[in-house]
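Coordinates as given in run34.pdb (PDB, C-alpha atoms and all ligand atoms):
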MODEL        1
ATOM      1  CA  MET A 315       0.000   0.000   0.000  1.00  0.00           C
ATOM      2  CA  ARG A 316       1.830   3.026  -1.258  1.00  0.00           C
ATOM      3  CA  ILE A 317      -1.000   5.442  -0.645  1.00  0.00           C
ATOM      4  CA  ILE A 318      -0.679   5.557   3.152  1.00  0.00           C
ATOM      5  CA  PRO A 319       2.760   7.246   3.328  1.00  0.00           C
ATOM      6  CA  ILE A 320       1.584   9.776   0.746  1.00  0.00           C
ATOM      7  CA  LEU A 321      -1.550  10.476   2.776  1.00  0.00           C
ATOM      8  CA  LEU A 322       0.505  10.880   5.948  1.00  0.00           C
ATOM      9  CA  LEU A 323       2.836  13.300   4.169  1.00  0.00           C
ATOM     10  CA  LEU A 324      -0.142  15.326   2.926  1.00  0.00           C
ATOM     11  CA  ILE A 325      -1.652  15.501   6.408  1.00  0.00           C
ATOM     12  CA  TYR A 326       1.711  16.617   7.788  1.00  0.00           C
ATOM     13  CA  LEU A 327       2.086  19.352   5.147  1.00  0.00           C
ATOM     14  CA  VAL A 328      -1.448  20.662   5.703  1.00  0.00           C
ATOM     15  CA  SER A 329      -0.963  20.785   9.478  1.00  0.00           C
ATOM     16  CA  CYS A 330       2.307  22.715   9.019  1.00  0.00           C
ATOM     17  CA  LYS A 331       0.512  25.249   6.839  1.00  0.00           C
ATOM     18  CA  VAL A 332      -2.277  25.692   9.384  1.00  0.00           C
ATOM     19  CA  LYS A 333       0.301  26.125  12.150  1.00  0.00           C
ATOM     20  CA  SER A 334       2.331  28.754  10.287  1.00  0.00           C
ATOM     21  CA  GLN A 335      -0.804  30.725   9.385  1.00  0.00           C
ATOM     22  CA  SER A 336      -2.047  30.770  12.942  1.00  0.00           C
ATOM     23  CA  LYS A 337       1.348  31.994  14.089  1.00  0.00           C
ATOM     24  CA  ASN A 338       1.182  35.032  11.773  1.00  0.00           C
ATOM     25  CA  LYS A 339      -2.412  35.843  12.466  1.00  0.00           C
ATOM     26  CA  HIS A 340      -3.001  35.244  16.143  1.00  0.00           C
ATOM     27  CA  ASP A 341       0.196  34.688  18.073  1.00  0.00           C
ATOM     28  CA  LYS A 342       1.704  38.130  17.601  1.00  0.00           C
ATOM     29  CA  LYS A 343       2.447  39.678  20.976  1.00  0.00           C
ATOM     30  CA  TYR A 344       1.189  43.221  21.465  1.00  0.00           C
ATOM     31  CA  ASP A 345       2.224  45.590  24.282  1.00  0.00           C
ATOM     32  CA  VAL A 346      -1.420  45.786  25.326  1.00  0.00           C
ATOM     33  CA  SER A 347      -2.983  42.355  25.558  1.00  0.00           C
ATOM     34  CA  LYS A 348      -6.311  41.543  27.207  1.00  0.00           C
ATOM     35  CA  THR A 349      -8.752  38.660  27.248  1.00  0.00           C
ATOM     36  CA  GLU A 350     -11.837  38.911  25.063  1.00  0.00           C
ATOM     37  CA  ASP A 351     -13.949  39.255  28.254  1.00  0.00           C
ATOM     38  CA  GLU A 352     -11.853  42.221  29.395  1.00  0.00           C
ATOM     39  CA  TRP A 353     -12.155  43.920  26.001  1.00  0.00           C
ATOM     40  CA  LYS A 354     -15.906  43.275  26.013  1.00  0.00           C
ATOM     41  CA  SER A 355     -16.389  44.877  29.410  1.00  0.00           C
ATOM     42  CA  GLU A 356     -14.260  47.938  28.564  1.00  0.00           C
ATOM     43  CA  LEU A 357     -15.420  48.761  25.045  1.00  0.00           C
ATOM     44  CA  SER A 358     -18.773  49.861  23.675  1.00  0.00           C
ATOM     45  CA  LYS A 359     -20.538  47.244  21.567  1.00  0.00           C
ATOM     46  CA  MET A 360     -19.608  49.013  18.332  1.00  0.00           C
ATOM     47  CA  SER A 361     -15.967  49.546  19.350  1.00  0.00           C
ATOM     48  CA  TYR A 362     -15.679  45.875  20.288  1.00  0.00           C
ATOM     49  CA  TYR A 363     -17.225  44.850  16.965  1.00  0.00           C
ATOM     50  CA  VAL A 364     -14.770  47.022  15.009  1.00  0.00           C
ATOM     51  CA  LEU A 365     -11.558  46.624  17.025  1.00  0.00           C
ATOM     52  CA  ARG A 366     -11.792  43.009  18.112  1.00  0.00           C
ATOM     53  CA  GLU A 367     -13.991  41.451  15.410  1.00  0.00           C
ATOM     54  CA  ALA A 368     -12.712  43.535  12.471  1.00  0.00           C
ATOM     55  CA  GLY A 369     -16.210  44.830  11.812  1.00  0.00           C
ATOM     56  CA  THR A 370     -17.126  47.937   9.845  1.00  0.00           C
ATOM     57  CA  GLU A 371     -19.591  50.589  11.004  1.00  0.00           C
ATOM     58  CA  ARG A 372     -22.169  51.735   8.454  1.00  0.00           C
ATOM     59  CA  ALA A 373     -21.030  54.633   6.255  1.00  0.00           C
ATOM     60  CA  PHE A 374     -21.991  58.125   7.486  1.00  0.00           C
ATOM     61  CA  THR A 375     -22.940  56.826  10.959  1.00  0.00           C
ATOM     62  CA  GLY A 376     -19.681  57.367  12.874  1.00  0.00           C
ATOM     63  CA  ILE A 377     -19.559  60.373  15.205  1.00  0.00           C
ATOM     64  CA  LEU A 378     -16.096  61.446  14.041  1.00  0.00           C
ATOM     65  CA  ASN A 379     -16.910  61.452  10.343  1.00  0.00           C
ATOM     66  CA  TYR A 380     -17.503  65.199  10.172  1.00  0.00           C
ATOM     67  CA  ASN A 381     -15.279  66.238  13.086  1.00  0.00           C
ATOM     68  CA  LYS A 382     -13.055  69.119  11.969  1.00  0.00           C
ATOM     69  CA  LYS A 383     -11.559  70.131  15.336  1.00  0.00           C
ATOM     70  CA  LYS A 384      -7.824  70.213  15.943  1.00  0.00           C
ATOM     71  CA  GLY A 385      -6.422  67.372  17.985  1.00  0.00           C
ATOM     72  CA  ILE A 386      -5.229  63.787  18.001  1.00  0.00           C
ATOM     73  CA  TYR A 387      -7.187  60.625  17.334  1.00  0.00           C
ATOM     74  CA  VAL A 388      -6.129  57.839  19.674  1.00  0.00           C
ATOM     75  CA  CYS A 389      -6.954  54.125  19.660  1.00  0.00           C
ATOM     76  CA  ALA A 390     -10.278  53.456  21.424  1.00  0.00           C
ATOM     77  CA  GLY A 391      -8.772  50.229  22.751  1.00  0.00           C
ATOM     78  CA  CYS A 392      -5.390  51.275  24.177  1.00  0.00           C
ATOM     79  CA  LYS A 393      -5.196  55.099  23.686  1.00  0.00           C
ATOM     80  CA  ALA A 394      -2.130  54.965  21.414  1.00  0.00           C
ATOM     81  CA  PRO A 395      -1.991  58.122  19.225  1.00  0.00           C
ATOM     82  CA  LEU A 396      -2.896  57.063  15.675  1.00  0.00           C
ATOM     83  CA  TYR A 397      -3.955  60.087  13.609  1.00  0.00           C
ATOM     84  CA  ASP A 398      -3.328  63.846  13.675  1.00  0.00           C
ATOM     85  CA  SER A 399      -6.293  66.059  12.713  1.00  0.00           C
ATOM     86  CA  LYS A 400      -3.924  67.918  10.342  1.00  0.00           C
ATOM     87  CA  TYR A 401      -4.112  64.980   7.965  1.00  0.00           C
ATOM     88  CA  LYS A 402      -7.875  64.394   8.104  1.00  0.00           C
ATOM     89  CA  TYR A 403      -9.735  65.232   4.924  1.00  0.00           C
ATOM     90  CA  GLU A 404     -13.226  64.882   3.514  1.00  0.00           C
ATOM     91  CA  SER A 405     -13.147  61.855   1.216  1.00  0.00           C
ATOM     92  CA  GLY A 406     -16.918  61.562   0.791  1.00  0.00           C
ATOM     93  CA  SER A 407     -16.693  57.868   1.704  1.00  0.00           C
ATOM     94  CA  GLY A 408     -18.708  58.173   4.921  1.00  0.00           C
ATOM     95  CA  TRP A 409     -15.791  57.255   7.195  1.00  0.00           C
ATOM     96  CA  PRO A 410     -13.114  59.444   8.786  1.00  0.00           C
ATOM     97  CA  SER A 411     -10.282  59.643   6.260  1.00  0.00           C
ATOM     98  CA  PHE A 412      -6.638  60.598   6.661  1.00  0.00           C
ATOM     99  CA  ASP A 413      -3.860  60.855   4.098  1.00  0.00           C
ATOM    100  CA  ARG A 414      -1.337  59.509   6.610  1.00  0.00           C
ATOM    101  CA  GLY A 415      -1.133  58.136  10.135  1.00  0.00           C
ATOM    102  CA  ILE A 416       1.299  58.080  13.034  1.00  0.00           C
ATOM    103  CA  GLU A 417       3.330  55.306  11.453  1.00  0.00           C
ATOM    104  CA  GLU A 418       5.062  53.969  14.567  1.00  0.00           C
ATOM    105  CA  ASN A 419       1.679  52.963  16.011  1.00  0.00           C
ATOM    106  CA  LEU A 420       0.190  51.455  12.855  1.00  0.00           C
ATOM    107  CA  GLU A 421       0.438  47.898  11.595  1.00  0.00           C
ATOM    108  CA  TYR A 422      -0.343  46.922   8.006  1.00  0.00           C
ATOM    109  CA  ASP A 423      -1.910  43.563   7.355  1.00  0.00           C
ATOM    110  CA  VAL A 424      -3.830  42.005   4.472  1.00  0.00           C
ATOM    111  CA  ASP A 425      -7.391  40.762   4.637  1.00  0.00           C
ATOM    112  CA  TYR A 426      -9.354  38.740   2.090  1.00  0.00           C
ATOM    113  CA  LYS A 427     -12.750  39.228   3.727  1.00  0.00           C
ATOM    114  CA  ILE A 428     -14.530  40.354   0.567  1.00  0.00           C
ATOM    115  CA  GLY A 429     -12.709  38.085  -1.850  1.00  0.00           C
ATOM    116  CA  TYR A 430      -9.749  40.207  -2.876  1.00  0.00           C
ATOM    117  CA  PRO A 431      -6.772  41.478  -0.865  1.00  0.00           C
ATOM    118  CA  ARG A 432      -7.149  44.775   0.965  1.00  0.00           C
ATOM    119  CA  SER A 433      -4.557  46.559   3.045  1.00  0.00           C
ATOM    120  CA  GLU A 434      -5.848  46.349   6.605  1.00  0.00           C
ATOM    121  CA  LEU A 435      -4.835  48.920   9.212  1.00  0.00           C
ATOM    122  CA  LYS A 436      -4.392  47.871  12.822  1.00  0.00           C
ATOM    123  CA  CYS A 437      -3.185  49.479  16.012  1.00  0.00           C
ATOM    124  CA  ASN A 438       0.360  48.297  16.567  1.00  0.00           C
ATOM    125  CA  LYS A 439       0.032  48.455  20.363  1.00  0.00           C
ATOM    126  CA  CYS A 440      -3.095  46.367  20.930  1.00  0.00           C
ATOM    127  CA  GLY A 441      -3.743  44.748  17.542  1.00  0.00           C
ATOM    128  CA  GLY A 442      -7.177  46.380  17.237  1.00  0.00           C
ATOM    129  CA  HIS A 443      -8.643  46.596  13.726  1.00  0.00           C
ATOM    130  CA  LEU A 444      -9.007  50.218  12.560  1.00  0.00           C
ATOM    131  CA  GLY A 445      -9.996  50.106   8.898  1.00  0.00           C
ATOM    132  CA  HIS A 446      -8.284  49.878   5.508  1.00  0.00           C
ATOM    133  CA  MET A 447      -5.825  51.796   3.386  1.00  0.00           C
ATOM    134  CA  PHE A 448      -6.535  52.611  -0.258  1.00  0.00           C
ATOM    135  CA  ASN A 449      -4.477  54.393  -2.872  1.00  0.00           C
ATOM    136  CA  ASP A 450      -7.176  56.818  -3.991  1.00  0.00           C
ATOM    137  CA  GLY A 451      -6.264  59.542  -1.497  1.00  0.00           C
ATOM    138  CA  PRO A 452      -5.318  63.171  -2.258  1.00  0.00           C
ATOM    139  CA  LYS A 453      -2.926  63.186  -5.228  1.00  0.00           C
ATOM    140  CA  ASN A 454      -1.241  66.404  -4.078  1.00  0.00           C
ATOM    141  CA  THR A 455      -0.072  64.836  -0.793  1.00  0.00           C
ATOM    142  CA  THR A 456       0.474  61.111  -0.154  1.00  0.00           C
ATOM    143  CA  GLY A 457      -2.161  59.588  -2.432  1.00  0.00           C
ATOM    144  CA  GLN A 458      -3.221  57.422   0.510  1.00  0.00           C
ATOM    145  CA  ARG A 459      -6.654  57.132   2.060  1.00  0.00           C
ATOM    146  CA  HIS A 460      -6.693  55.657   5.539  1.00  0.00           C
ATOM    147  CA  CYS A 461     -10.382  54.783   5.847  1.00  0.00           C
ATOM    148  CA  ILE A 462     -10.970  54.442   9.593  1.00  0.00           C
ATOM    149  CA  ASN A 463     -14.007  53.504  11.662  1.00  0.00           C
ATOM    150  CA  SER A 464     -15.059  56.209  14.153  1.00  0.00           C
ATOM    151  CA  ALA A 465     -15.664  53.496  16.735  1.00  0.00           C
ATOM    152  CA  ALA A 466     -11.979  52.533  16.621  1.00  0.00           C
ATOM    153  CA  LEU A 467     -10.936  56.060  17.614  1.00  0.00           C
ATOM    154  CA  ILE A 468     -11.279  58.527  20.477  1.00  0.00           C
ATOM    155  CA  PHE A 469     -10.740  62.198  19.652  1.00  0.00           C
ATOM    156  CA  VAL A 470      -8.583  64.223  22.039  1.00  0.00           C
ATOM    157  CA  PRO A 471      -8.938  67.980  21.336  1.00  0.00           C
ATOM    158  CA  ALA A 472      -5.666  69.933  21.058  1.00  0.00           C
ATOM    159  CA  ASN A 473      -6.227  72.043  24.176  1.00  0.00           C
ATOM    160  CA  GLU A 474      -6.670  69.128  26.587  1.00  0.00           C
TER     161      GLU A 474
HETATM  162 FE    FE B   1      -4.696  50.135  20.285  1.00  0.00          FE
ENDMDL
END

Now, as a test, write the supplied structure out as structure tokens.
Ligand code: FE
Amino acid sequence: MRIIPILLLLIYLVSCKVKSQSKNKHDKKYDVSKTEDEWKSELSKMSYYVLREAGTERAFTGILNYNKKKGIYVCAGCKAPLYDSKYKYESGSGWPSFDRGIEENLEYDVDYKIGYPRSELKCNKCGGHLGHMFNDGPKNTTGQRHCINSAALIFVPANE
């Protein structure tokens, strides 16, 4: 029976692939790490859905969409500074949009949730999902559009 060793090899290869994927996706250590129960008790329902379940709020529903005040947008999960109001612009998409972020606190990942690869943006301190990056941003600056859920952010006005 030659088929058994081949089957065993296949099973081994598949299990290696599963292991290496789970390492990339879930085993990354973040400075801020909490159990799902802790996140659930600290975050609003919508913030939990966005940050911890990679959900997306409905367009034009987020409270920071039209915010034009000066200040810093921090992570709603861990308070890491993520976006400066200087770089917020009106994209018309229905979500807060920035042409750049505070790079040291951002992590770029790829998600295939809707069938093709998109550049996912996450908080580099807690791993919370923020939104996505597209290349249809302002051509006169970076060309980037960081499309971010309001529920992933807390706005801290400049004078506080
Ligand atoms: Fe965070």

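Close to (-2.9, 64.7, 9.6), meaning no more than 10 Å away when counting only C-alpha atoms, sit the residues Lys384, Gly385, Ile386, Tyr387, Leu396, Tyr397, Asp398, Ser399, Lys400, Tyr401, Lys402, Tyr403, Ser411, Phe412, Asp413, Arg414, Gly415 and Ile416 of chain A.
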
Report task. Record the distance separating atom CA of Gly408 of chain A and atom CA of Tyr426 of chain A, expressed in Å with one decimal. Result -> 21.8 Å

Requested in this report: Using the chain letters and numbering of this document, enumerate as a VMD selection string the residues selected by the PyMOL selection byres (((not hetatm)) within 10 of (chain B and resi 1)).
Outcome: chain A and resid 344 to 347 365 388 to 396 419 to 420 436 to 444 466 to 467

**Report entry** Selected residue, from A:Lys382, A:Tyr363, A:Lys343, A:Lys348, that lies nearest to Ala472 of chain A when counting all atoms listed in the file
**Finding:** A:Lys382

Name the residues that the PyMOL selection byres (((chain A and resi 367-375) around 12) and not hetatm) picks from the file above, as a CSV table (one decimal) with C-alpha atoms, in the frame of the given file, using the file's chain letters and numbers.
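For reference, part.csv as written:
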chain,number,residue,atom,x,y,z
A,350,GLU,CA,-11.8,38.9,25.1
A,353,TRP,CA,-12.2,43.9,26.0
A,354,LYS,CA,-15.9,43.3,26.0
A,359,LYS,CA,-20.5,47.2,21.6
A,360,MET,CA,-19.6,49.0,18.3
A,361,SER,CA,-16.0,49.5,19.4
A,362,TYR,CA,-15.7,45.9,20.3
A,363,TYR,CA,-17.2,44.8,17.0
A,364,VAL,CA,-14.8,47.0,15.0
A,365,LEU,CA,-11.6,46.6,17.0
A,366,ARG,CA,-11.8,43.0,18.1
A,376,GLY,CA,-19.7,57.4,12.9
A,377,ILE,CA,-19.6,60.4,15.2
A,378,LEU,CA,-16.1,61.4,14.0
A,379,ASN,CA,-16.9,61.5,10.3
A,380,TYR,CA,-17.5,65.2,10.2
A,381,ASN,CA,-15.3,66.2,13.1
A,404,GLU,CA,-13.2,64.9,3.5
A,405,SER,CA,-13.1,61.9,1.2
A,406,GLY,CA,-16.9,61.6,0.8
A,407,SER,CA,-16.7,57.9,1.7
A,408,GLY,CA,-18.7,58.2,4.9
A,409,TRP,CA,-15.8,57.3,7.2
A,410,PRO,CA,-13.1,59.4,8.8
A,411,SER,CA,-10.3,59.6,6.3
A,423,ASP,CA,-1.9,43.6,7.4
A,425,ASP,CA,-7.4,40.8,4.6
A,426,TYR,CA,-9.4,38.7,2.1
A,427,LYS,CA,-12.8,39.2,3.7
A,434,GLU,CA,-5.8,46.3,6.6
A,435,LEU,CA,-4.8,48.9,9.2
A,436,LYS,CA,-4.4,47.9,12.8
A,437,CYS,CA,-3.2,49.5,16.0
A,441,GLY,CA,-3.7,44.7,17.5
A,442,GLY,CA,-7.2,46.4,17.2
A,443,HIS,CA,-8.6,46.6,13.7
A,444,LEU,CA,-9.0,50.2,12.6
A,445,GLY,CA,-10.0,50.1,8.9
A,446,HIS,CA,-8.3,49.9,5.5
A,461,CYS,CA,-10.4,54.8,5.8
A,462,ILE,CA,-11.0,54.4,9.6
A,463,ASN,CA,-14.0,53.5,11.7
A,464,SER,CA,-15.1,56.2,14.2
A,465,ALA,CA,-15.7,53.5,16.7
A,466,ALA,CA,-12.0,52.5,16.6

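Take atom CA of His460 of chain A and atom CA of Met447 of chain A: the distance between them is 4.5 Å.
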
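For the atom pair formed by atom CA of Glu417 of chain A and atom CA of Thr456 of chain A, the distance is 13.3 Å, given to one decimal.
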
Draw an axis-aligned box tight on the listed atoms of segment 402-419 of chain A, then pad every side by 4 Å and write out centre and edge lengths in Å to one decimal as lines of an AutoDock Vina configuration file.
center_x = -6.8
center_y = 59.1
center_z = 8.4
size_x = 31.8
size_y = 20.3
size_z = 23.2

Starting from the sparse input, extend segment 435-450 of chain A to N, CA, C and O atoms and give the output as an mmCIF file, in the coordinates of the input.
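Contents of the output file result_19.cif:
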data_model
loop_
_atom_site.group_PDB
_atom_site.id
_atom_site.type_symbol
_atom_site.label_atom_id
_atom_site.label_comp_id
_atom_site.auth_asym_id
_atom_site.auth_seq_id
_atom_site.Cartn_x
_atom_site.Cartn_y
_atom_site.Cartn_z
ATOM 1 N N LEU A 435 -5.575 48.105 8.239
ATOM 2 C CA LEU A 435 -4.835 48.920 9.212
ATOM 3 C C LEU A 435 -5.198 48.488 10.625
ATOM 4 O O LEU A 435 -6.384 48.356 10.949
ATOM 5 N N LYS A 436 -4.162 48.269 11.432
ATOM 6 C CA LYS A 436 -4.392 47.871 12.822
ATOM 7 C C LYS A 436 -3.553 48.736 13.741
ATOM 8 O O LYS A 436 -2.537 49.305 13.339
ATOM 9 N N CYS A 437 -3.988 48.812 14.996
ATOM 10 C CA CYS A 437 -3.185 49.479 16.012
ATOM 11 C C CYS A 437 -2.028 48.550 16.364
ATOM 12 O O CYS A 437 -2.235 47.383 16.668
ATOM 13 N N ASN A 438 -0.834 49.097 16.328
ATOM 14 C CA ASN A 438 0.360 48.297 16.567
ATOM 15 C C ASN A 438 0.595 47.994 18.053
ATOM 16 O O ASN A 438 1.438 47.190 18.394
ATOM 17 N N LYS A 439 -0.167 48.663 18.918
ATOM 18 C CA LYS A 439 0.032 48.455 20.363
ATOM 19 C C LYS A 439 -0.907 47.389 20.931
ATOM 20 O O LYS A 439 -0.553 46.684 21.863
ATOM 21 N N CYS A 440 -2.144 47.338 20.374
ATOM 22 C CA CYS A 440 -3.095 46.367 20.930
ATOM 23 C C CYS A 440 -3.631 45.399 19.867
ATOM 24 O O CYS A 440 -4.371 44.485 20.200
ATOM 25 N N GLY A 441 -3.281 45.634 18.604
ATOM 26 C CA GLY A 441 -3.743 44.748 17.542
ATOM 27 C C GLY A 441 -5.163 45.016 17.091
ATOM 28 O O GLY A 441 -5.713 44.269 16.275
ATOM 29 N N GLY A 442 -5.791 46.083 17.601
ATOM 30 C CA GLY A 442 -7.177 46.380 17.237
ATOM 31 C C GLY A 442 -7.310 46.764 15.759
ATOM 32 O O GLY A 442 -6.481 47.487 15.218
ATOM 33 N N HIS A 443 -8.369 46.264 15.128
ATOM 34 C CA HIS A 443 -8.643 46.596 13.726
ATOM 35 C C HIS A 443 -9.158 48.038 13.646
ATOM 36 O O HIS A 443 -10.041 48.440 14.404
ATOM 37 N N LEU A 444 -8.607 48.809 12.713
ATOM 38 C CA LEU A 444 -9.007 50.218 12.560
ATOM 39 C C LEU A 444 -9.810 50.447 11.290
ATOM 40 O O LEU A 444 -10.816 51.159 11.294
ATOM 41 N N GLY A 445 -9.355 49.886 10.191
ATOM 42 C CA GLY A 445 -9.996 50.106 8.898
ATOM 43 C C GLY A 445 -9.077 49.617 7.792
ATOM 44 O O GLY A 445 -8.358 48.639 7.985
ATOM 45 N N HIS A 446 -9.101 50.309 6.649
ATOM 46 C CA HIS A 446 -8.284 49.878 5.508
ATOM 47 C C HIS A 446 -7.574 51.056 4.868
ATOM 48 O O HIS A 446 -7.999 52.203 5.013
ATOM 49 N N MET A 447 -6.514 50.756 4.134
ATOM 50 C CA MET A 447 -5.825 51.796 3.386
ATOM 51 C C MET A 447 -6.015 51.577 1.888
ATOM 52 O O MET A 447 -5.896 50.456 1.400
ATOM 53 N N PHE A 448 -6.360 52.662 1.200
ATOM 54 C CA PHE A 448 -6.535 52.611 -0.258
ATOM 55 C C PHE A 448 -5.606 53.640 -0.900
ATOM 56 O O PHE A 448 -5.124 54.562 -0.232
ATOM 57 N N ASN A 449 -5.389 53.482 -2.177
ATOM 58 C CA ASN A 449 -4.477 54.393 -2.872
ATOM 59 C C ASN A 449 -5.203 55.449 -3.684
ATOM 60 O O ASN A 449 -4.656 55.960 -4.673
ATOM 61 N N ASP A 450 -6.433 55.775 -3.271
ATOM 62 C CA ASP A 450 -7.176 56.818 -3.991
ATOM 63 C C ASP A 450 -7.291 58.094 -3.155
ATOM 64 O O ASP A 450 -8.249 58.835 -3.259
#
